[in-house]
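Peer 1: Quick one: structure below, then a few questions.
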Amino acid sequence: MKVPVVVIGAGACGLTAALAAKDAGREVLVLERDATPSGSTSLSSGFVPAAYTRFQRAEDSAERMFSDVQRKNHGTADAALARAVCVASGPTIEWLADAHGVPFQLVEGFLYPGHSVERMHSVPEKTGAALLFYLSRAISARDIDVLTSAHVTHVDSGSVRFERPDGSGESLEYGALVLACSGFGGNAEMVREHIPEVASAQYFGHAGNQGDAVRWGRALGGAVRDMSGYQGHGSVAMPQNILITWALMTEGGIQVNAKGERFSNEHLGYSEQCVPVLQQPGGIAWCIYDERLHQLGMTFPDYRAAHDAGAVRPAPDLPMLGKTLDEVRRYAASGGQDPFGRDFSNKPDLVPPYYGIKVTGALFHTQGGLVVDEHARVLDRSGRPLPRLFAGGGAACGLSGPHASGYLSGNGLLSAIVLGRLAGTAASASLYAR
Ligand SMILES: Cc1cc2nc3c(=O)[nH]c(=O)nc-3n(C[C@H](O)[C@H](O)[C@H](O)COP(=O)(O)OP(=O)(O)OC[C@H]3O[C@@H](n4cnc5c(N)ncnc54)[C@H](O)[C@@H]3O)c2cc1C
């Protein structure tokens, strides 16, 4: 059996790639290892940054978004790729909304660190699970086949082999192949090798993401880059294991350790906060905030789940944190920065009653991977495209460079959705070119 375009992985990247390939006139088949597709996409908050969309109506542009992305990674990502992704971001969100009924809207009311303007888009439910639902609905509407319980075990330059749950194996030939099976966060050995600083951290992403794309791509001659890059997070509720939105920090909250002391600039970003939190006594920290921020938190489904699970602890006052809270108020009053470099002057003071959540750091997903160009073509070590091989999302090297601190909020789904579309379109076009 020969299929024009085969996509491996049914997360945001794979489903978007399949829609794009089908829109470009090609038959496409998606192979997914799980019985029900979920991926890291369904675990995520589902926030996708995009510039200059009609939902946004802000003073934004692809160039401004590109500057924000590159500022966060200190210019360490591939600039041509980053620019191409930012340019395609707005049209991709509008295409998914208009052609495929994904009900995107702008997330308003706060900025994640590093974004100079509100540009996060989400579906109304504000969850990755709902985003995956709408993408899956579009896949069904376009009559695209998704073969589930199809664990791809072997890829070569013209065919793939996959295993079924009963242990039987099947093969099929492809015209073009899109690797959308994400990164290696679920592969402890690869994490130890490439990102030792989070080897002991909990992995919070999809367990099925075992680094297969990197393994196959390399075997086919593909180059990899920035394998030490990743999205971490410094705010996962313990022991409930629920993501606590970083908006609590960007809008004025603080993190303290078990001794009641602050230990970092919480405004640098949640990704780079993973390791500092893990380095505190017991590997934990407390997010401390007030009623105003509690109300903001309640607009997020994850936070509401944490609240219902008892992770959110109210306190009429926090005498044991008196010194720390006084210091923070002094920084705000003096209009200056604290010793960690955070500016407290631009948000209201924290006032009683307070709230606290015990959190730890976690690895969310890996950002390094196969080197791709502006058409999501996988490149060899000399920078030449490998024939009919494409990658996006966690399978490809993203826009964050080699460090956790280079991750600008949304870089994950940005490269999943935008590179997914570019990959599907280019995979389809590569067949006409033959
Ligand atoms: C808690 C959490 C919150 C997050 N929040 C955000 C956010 O708000 N915004 C953002 O931009 N990013 C966020 N991220 C990151 C984001 O989820 C990922 O970057 C994105 O989902 C990657 O999409 P993907 O399609 O590449 O991979 P996935 O969604 O993981 O999909 C990969 C698919 O490939 C399948 N697969 C793997 N190997 C094989 C194989 N051998 N054969 C067949 N199938 C295979 C997997 O089963 C999976 O279904 C978050 C991550 C986490 C963990």
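Letters for chains follow the order of the structure tokens (A, B, ...), residue numbers begin at 1 for each chain, and ligand numbers begin at 1 in the order shown.
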Please report, as JSON lines, each residue of chain A lying at most 7 Å from ligand 1, together with the nearest pair of atoms and the separation in Å rounded to one decimal; use only C-alpha atoms and all ligand atoms, and order rows by chain and ascending residue number.
Peer 2:
{"residue": "A:Ile8", "atom": "CA", "partner": "ligand 1", "partner_atom_place_in_ligand_line": "43 (C)", "distance": 5.3}
{"residue": "A:Gly9", "atom": "CA", "partner": "ligand 1", "partner_atom_place_in_ligand_line": "34 (O)", "distance": 3.3}
{"residue": "A:Ala10", "atom": "CA", "partner": "ligand 1", "partner_atom_place_in_ligand_line": "49 (O)", "distance": 4.7}
{"residue": "A:Gly11", "atom": "CA", "partner": "ligand 1", "partner_atom_place_in_ligand_line": "31 (O)", "distance": 3.4}
{"residue": "A:Ala12", "atom": "CA", "partner": "ligand 1", "partner_atom_place_in_ligand_line": "25 (O)", "distance": 4.0}
{"residue": "A:Cys13", "atom": "CA", "partner": "ligand 1", "partner_atom_place_in_ligand_line": "25 (O)", "distance": 3.7}
{"residue": "A:Gly14", "atom": "CA", "partner": "ligand 1", "partner_atom_place_in_ligand_line": "25 (O)", "distance": 5.6}
{"residue": "A:Leu31", "atom": "CA", "partner": "ligand 1", "partner_atom_place_in_ligand_line": "43 (C)", "distance": 5.4}
{"residue": "A:Glu32", "atom": "CA", "partner": "ligand 1", "partner_atom_place_in_ligand_line": "44 (N)", "distance": 3.8}
{"residue": "A:Arg33", "atom": "CA", "partner": "ligand 1", "partner_atom_place_in_ligand_line": "43 (C)", "distance": 3.9}
{"residue": "A:Asp34", "atom": "CA", "partner": "ligand 1", "partner_atom_place_in_ligand_line": "47 (O)", "distance": 5.3}
{"residue": "A:Pro37", "atom": "CA", "partner": "ligand 1", "partner_atom_place_in_ligand_line": "49 (O)", "distance": 5.1}
{"residue": "A:Ser38", "atom": "CA", "partner": "ligand 1", "partner_atom_place_in_ligand_line": "49 (O)", "distance": 5.2}
{"residue": "A:Gly39", "atom": "CA", "partner": "ligand 1", "partner_atom_place_in_ligand_line": "30 (O)", "distance": 3.6}
{"residue": "A:Ser40", "atom": "CA", "partner": "ligand 1", "partner_atom_place_in_ligand_line": "30 (O)", "distance": 3.7}
{"residue": "A:Thr41", "atom": "CA", "partner": "ligand 1", "partner_atom_place_in_ligand_line": "21 (O)", "distance": 3.2}
{"residue": "A:Ser42", "atom": "CA", "partner": "ligand 1", "partner_atom_place_in_ligand_line": "29 (O)", "distance": 6.6}
{"residue": "A:Leu43", "atom": "CA", "partner": "ligand 1", "partner_atom_place_in_ligand_line": "1 (C)", "distance": 5.0}
{"residue": "A:Ser44", "atom": "CA", "partner": "ligand 1", "partner_atom_place_in_ligand_line": "3 (C)", "distance": 3.2}
{"residue": "A:Ser45", "atom": "CA", "partner": "ligand 1", "partner_atom_place_in_ligand_line": "8 (O)", "distance": 3.8}
{"residue": "A:Gly46", "atom": "CA", "partner": "ligand 1", "partner_atom_place_in_ligand_line": "8 (O)", "distance": 4.3}
{"residue": "A:Phe47", "atom": "CA", "partner": "ligand 1", "partner_atom_place_in_ligand_line": "8 (O)", "distance": 3.9}
{"residue": "A:Val48", "atom": "CA", "partner": "ligand 1", "partner_atom_place_in_ligand_line": "11 (O)", "distance": 5.2}
{"residue": "A:Ala150", "atom": "CA", "partner": "ligand 1", "partner_atom_place_in_ligand_line": "43 (C)", "distance": 5.9}
{"residue": "A:His151", "atom": "CA", "partner": "ligand 1", "partner_atom_place_in_ligand_line": "42 (N)", "distance": 4.0}
{"residue": "A:Val152", "atom": "CA", "partner": "ligand 1", "partner_atom_place_in_ligand_line": "42 (N)", "distance": 3.8}
{"residue": "A:Thr153", "atom": "CA", "partner": "ligand 1", "partner_atom_place_in_ligand_line": "41 (N)", "distance": 5.7}
{"residue": "A:Ala180", "atom": "CA", "partner": "ligand 1", "partner_atom_place_in_ligand_line": "26 (O)", "distance": 5.5}
{"residue": "A:Cys181", "atom": "CA", "partner": "ligand 1", "partner_atom_place_in_ligand_line": "34 (O)", "distance": 3.4}
{"residue": "A:Ser182", "atom": "CA", "partner": "ligand 1", "partner_atom_place_in_ligand_line": "26 (O)", "distance": 4.1}
{"residue": "A:Phe204", "atom": "CA", "partner": "ligand 1", "partner_atom_place_in_ligand_line": "53 (C)", "distance": 5.0}
{"residue": "A:Gly205", "atom": "CA", "partner": "ligand 1", "partner_atom_place_in_ligand_line": "53 (C)", "distance": 3.7}
{"residue": "A:His206", "atom": "CA", "partner": "ligand 1", "partner_atom_place_in_ligand_line": "30 (O)", "distance": 5.7}
{"residue": "A:Gly208", "atom": "CA", "partner": "ligand 1", "partner_atom_place_in_ligand_line": "47 (O)", "distance": 4.9}
{"residue": "A:Asn209", "atom": "CA", "partner": "ligand 1", "partner_atom_place_in_ligand_line": "37 (C)", "distance": 4.7}
{"residue": "A:Gln210", "atom": "CA", "partner": "ligand 1", "partner_atom_place_in_ligand_line": "38 (N)", "distance": 6.2}
{"residue": "A:Asp212", "atom": "CA", "partner": "ligand 1", "partner_atom_place_in_ligand_line": "41 (N)", "distance": 5.7}
{"residue": "A:Leu243", "atom": "CA", "partner": "ligand 1", "partner_atom_place_in_ligand_line": "1 (C)", "distance": 6.1}
{"residue": "A:Phe364", "atom": "CA", "partner": "ligand 1", "partner_atom_place_in_ligand_line": "53 (C)", "distance": 4.1}
{"residue": "A:His365", "atom": "CA", "partner": "ligand 1", "partner_atom_place_in_ligand_line": "53 (C)", "distance": 6.0}
{"residue": "A:Gly392", "atom": "CA", "partner": "ligand 1", "partner_atom_place_in_ligand_line": "26 (O)", "distance": 6.4}
{"residue": "A:Gly393", "atom": "CA", "partner": "ligand 1", "partner_atom_place_in_ligand_line": "26 (O)", "distance": 3.4}
{"residue": "A:Gly394", "atom": "CA", "partner": "ligand 1", "partner_atom_place_in_ligand_line": "26 (O)", "distance": 4.0}
{"residue": "A:Ala395", "atom": "CA", "partner": "ligand 1", "partner_atom_place_in_ligand_line": "26 (O)", "distance": 6.0}
{"residue": "A:Ser409", "atom": "CA", "partner": "ligand 1", "partner_atom_place_in_ligand_line": "11 (O)", "distance": 6.3}
{"residue": "A:Gly410", "atom": "CA", "partner": "ligand 1", "partner_atom_place_in_ligand_line": "11 (O)", "distance": 3.1}
{"residue": "A:Asn411", "atom": "CA", "partner": "ligand 1", "partner_atom_place_in_ligand_line": "11 (O)", "distance": 4.9}
{"residue": "A:Gly412", "atom": "CA", "partner": "ligand 1", "partner_atom_place_in_ligand_line": "19 (O)", "distance": 3.2}
{"residue": "A:Leu413", "atom": "CA", "partner": "ligand 1", "partner_atom_place_in_ligand_line": "11 (O)", "distance": 3.4}
{"residue": "A:Leu414", "atom": "CA", "partner": "ligand 1", "partner_atom_place_in_ligand_line": "11 (O)", "distance": 5.5}
{"residue": "A:Ala416", "atom": "CA", "partner": "ligand 1", "partner_atom_place_in_ligand_line": "23 (O)", "distance": 4.9}
Peer 1: What lies within 9 Å of stretch 59-73 of chain A using only C-alpha atoms, ignoring chain neighbours under 3 positions off, as an mmCIF file with C-alpha atoms, in the first residue's frame?
Peer 2:
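Dumped everything to result_8.cif:
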data_model
loop_
_atom_site.group_PDB
_atom_site.id
_atom_site.type_symbol
_atom_site.label_atom_id
_atom_site.label_comp_id
_atom_site.auth_asym_id
_atom_site.auth_seq_id
_atom_site.Cartn_x
_atom_site.Cartn_y
_atom_site.Cartn_z
ATOM 1 C CA PRO A 49 0.945 32.896 20.124
ATOM 2 C CA ALA A 50 0.311 34.515 16.753
ATOM 3 C CA ALA A 51 0.894 37.984 15.358
ATOM 4 C CA TYR A 52 -1.552 40.330 13.736
ATOM 5 C CA THR A 53 -4.651 38.159 13.631
ATOM 6 C CA GLN A 56 -6.027 40.278 18.209
ATOM 7 C CA THR A 76 20.470 31.633 19.701
ATOM 8 C CA ALA A 77 17.659 30.162 17.569
ATOM 9 C CA ALA A 79 16.729 33.472 12.821
ATOM 10 C CA ALA A 82 12.031 31.968 13.672
ATOM 11 C CA ARG A 83 11.075 34.755 11.253
ATOM 12 C CA ALA A 84 9.282 32.340 8.900
ATOM 13 C CA VAL A 85 7.283 30.874 11.803
ATOM 14 C CA CYS A 86 6.313 34.313 13.129
ATOM 15 C CA VAL A 87 5.273 35.469 9.641
ATOM 16 C CA ALA A 88 3.125 32.366 9.156
ATOM 17 C CA SER A 89 1.633 32.418 12.679
ATOM 18 C CA GLY A 90 -1.232 34.861 12.103
ATOM 19 C CA PRO A 113 7.180 37.168 30.370
ATOM 20 C CA GLY A 114 8.838 38.247 27.145
ATOM 21 C CA HIS A 115 5.716 38.995 25.096
ATOM 22 C CA SER A 116 5.484 42.729 24.464
ATOM 23 C CA VAL A 117 1.808 42.540 23.481
ATOM 24 C CA GLU A 118 -1.182 40.222 24.018
ATOM 25 C CA ARG A 119 -0.974 37.610 21.265
ATOM 26 C CA LEU A 399 12.741 28.573 18.497
ATOM 27 C CA SER A 400 14.175 28.508 22.013
ATOM 28 C CA GLY A 401 17.886 27.869 21.525
ATOM 29 C CA PRO A 402 19.888 25.575 23.791
ATOM 30 C CA HIS A 403 18.635 26.736 27.231
ATOM 31 C CA ALA A 404 15.376 26.570 29.185
ATOM 32 C CA SER A 405 15.542 30.356 29.528
ATOM 33 C CA GLY A 406 15.195 30.714 25.750
ATOM 34 C CA TYR A 407 11.643 29.382 25.843
ATOM 35 C CA LEU A 408 9.170 32.170 25.184
ATOM 36 C CA ASN A 411 6.959 28.397 21.576
#
Peer 1: With distances taken over only C-alpha atoms, which residue among A:Leu15, A:Val277, A:Val6, A:Leu379 lies nearest A:Arg142?
Peer 2: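 Closest to A:Arg142 of all the choices is A:Leu15.
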Peer 1: How would you write, as number ranges by chain, the set of residues in stretch 279-346 of chain A that DSSP gives as helix (DSSP H, G or I)?
Peer 2: A: 281-283, 291-297, 301-308, 319-334
Peer 1: Please list as a ChimeraX atom specification every residue within 9 Å of A:Ile195, counting only C-alpha atoms and excluding residues in the same chain fewer than 6 positions away.
Peer 2: /A:227-230,366
Peer 1: As an MDAnalysis selection string, please: the residues near A:Gly101 (cut-off 9 Å, only C-alpha atoms, same-chain neighbours under 2 positions excluded).
Peer 2: chainID A and resid 95:99 103:104 134:135 137:138
Peer 1: Can you pull out every residue within 12 Å of stretch 332-342 of chain A, counting only C-alpha atoms, but drop anything in the same chain fewer than 5 positions away, and send it as a list in words?
Peer 2: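 So, after excluding close chain neighbours, the residues are Pro113, Met249, Thr250, Gly252, Gly253, Ile254, Arg262, Phe263, Ser264, Asn265, Glu266, His267, Leu268, Gly269, Thr324, Leu325, Asp326, Glu327, Lys347, Pro348, Asp349 and Leu350 of chain A.
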Peer 1: I'd like the interatomic distance between atom CA of A:Gly186 and atom CA of A:Val123, to a tenth of an Å.
Peer 2: 26.9 Å
Peer 1: Identify which of the residues A:Leu172, A:Ala58, A:Ala309, A:Val30 lies closest to A:Gly158, counting only C-alpha atoms when measuring atom-to-atom distances.
Peer 2: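 Distance minimum relative to A:Gly158 lands on A:Leu172.
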Peer 1: A:His154, A:Val178, A:Leu19, A:Ala130: which is nearest A:His100, counting only C-alpha atoms?
Peer 2: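 Looking at the shortest contact to A:His100, the residue is A:Leu19.
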Peer 1: Quick one: DSSP strand (DSSP E) residues in stretch 130-270 of chain A, as a PyMOL selection string?
Peer 2: chain A and resi 145-147+151-155+159-163+169-179+202-203+224-225+230-237+242-243+254-256
Peer 1: Give the answer as one residue: which of A:Ala219, A:Ala311, A:Val5, A:Leu422 has the shortest atom-to-atom distance to A:Ala237, using only C-alpha atoms?
Peer 2: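 Looking only at the distances to A:Ala237, the closest residue turns out to be A:Ala311.
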Peer 1: Near A:Ala223, within 9 Å and counting only C-alpha atoms, which residues show up once chain neighbours fewer than 4 positions away are dropped, as a short mmCIF file (atom, residue, chain, number, x, y, z; two decimals) with C-alpha atoms, in the first residue's frame?
Peer 2:
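For reference, out-v8.cif as written:
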data_model
loop_
_atom_site.label_atom_id
_atom_site.label_comp_id
_atom_site.auth_asym_id
_atom_site.auth_seq_id
_atom_site.Cartn_x
_atom_site.Cartn_y
_atom_site.Cartn_z
CA VAL A 214 15.20 12.29 16.36
CA GLY A 217 15.77 11.45 11.33
CA ARG A 218 19.37 11.01 12.39
CA GLY A 369 15.31 18.21 17.61
CA LEU A 370 15.69 17.78 13.87
CA VAL A 371 16.93 20.81 11.97
CA VAL A 372 14.27 22.06 9.56
CA VAL A 378 14.46 18.12 7.48
CA LEU A 379 18.01 19.18 6.65
CA ASP A 380 21.13 17.05 6.57
CA ARG A 381 24.36 18.03 8.28
CA SER A 382 25.35 20.13 5.24
CA GLY A 383 22.09 22.03 5.31
#
Peer 1: What's around A:Trp286 at 8 Å? Count only C-alpha atoms, leave out sequence neighbours fewer than 6 positions away in its own chain, and write the answer as a list in words.
Peer 2: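 After dropping sequence-adjacent residues, the list is Gln255, Val256, Asn257, Ala258, Gly356, Ile357, Lys358 and Val359 of chain A.
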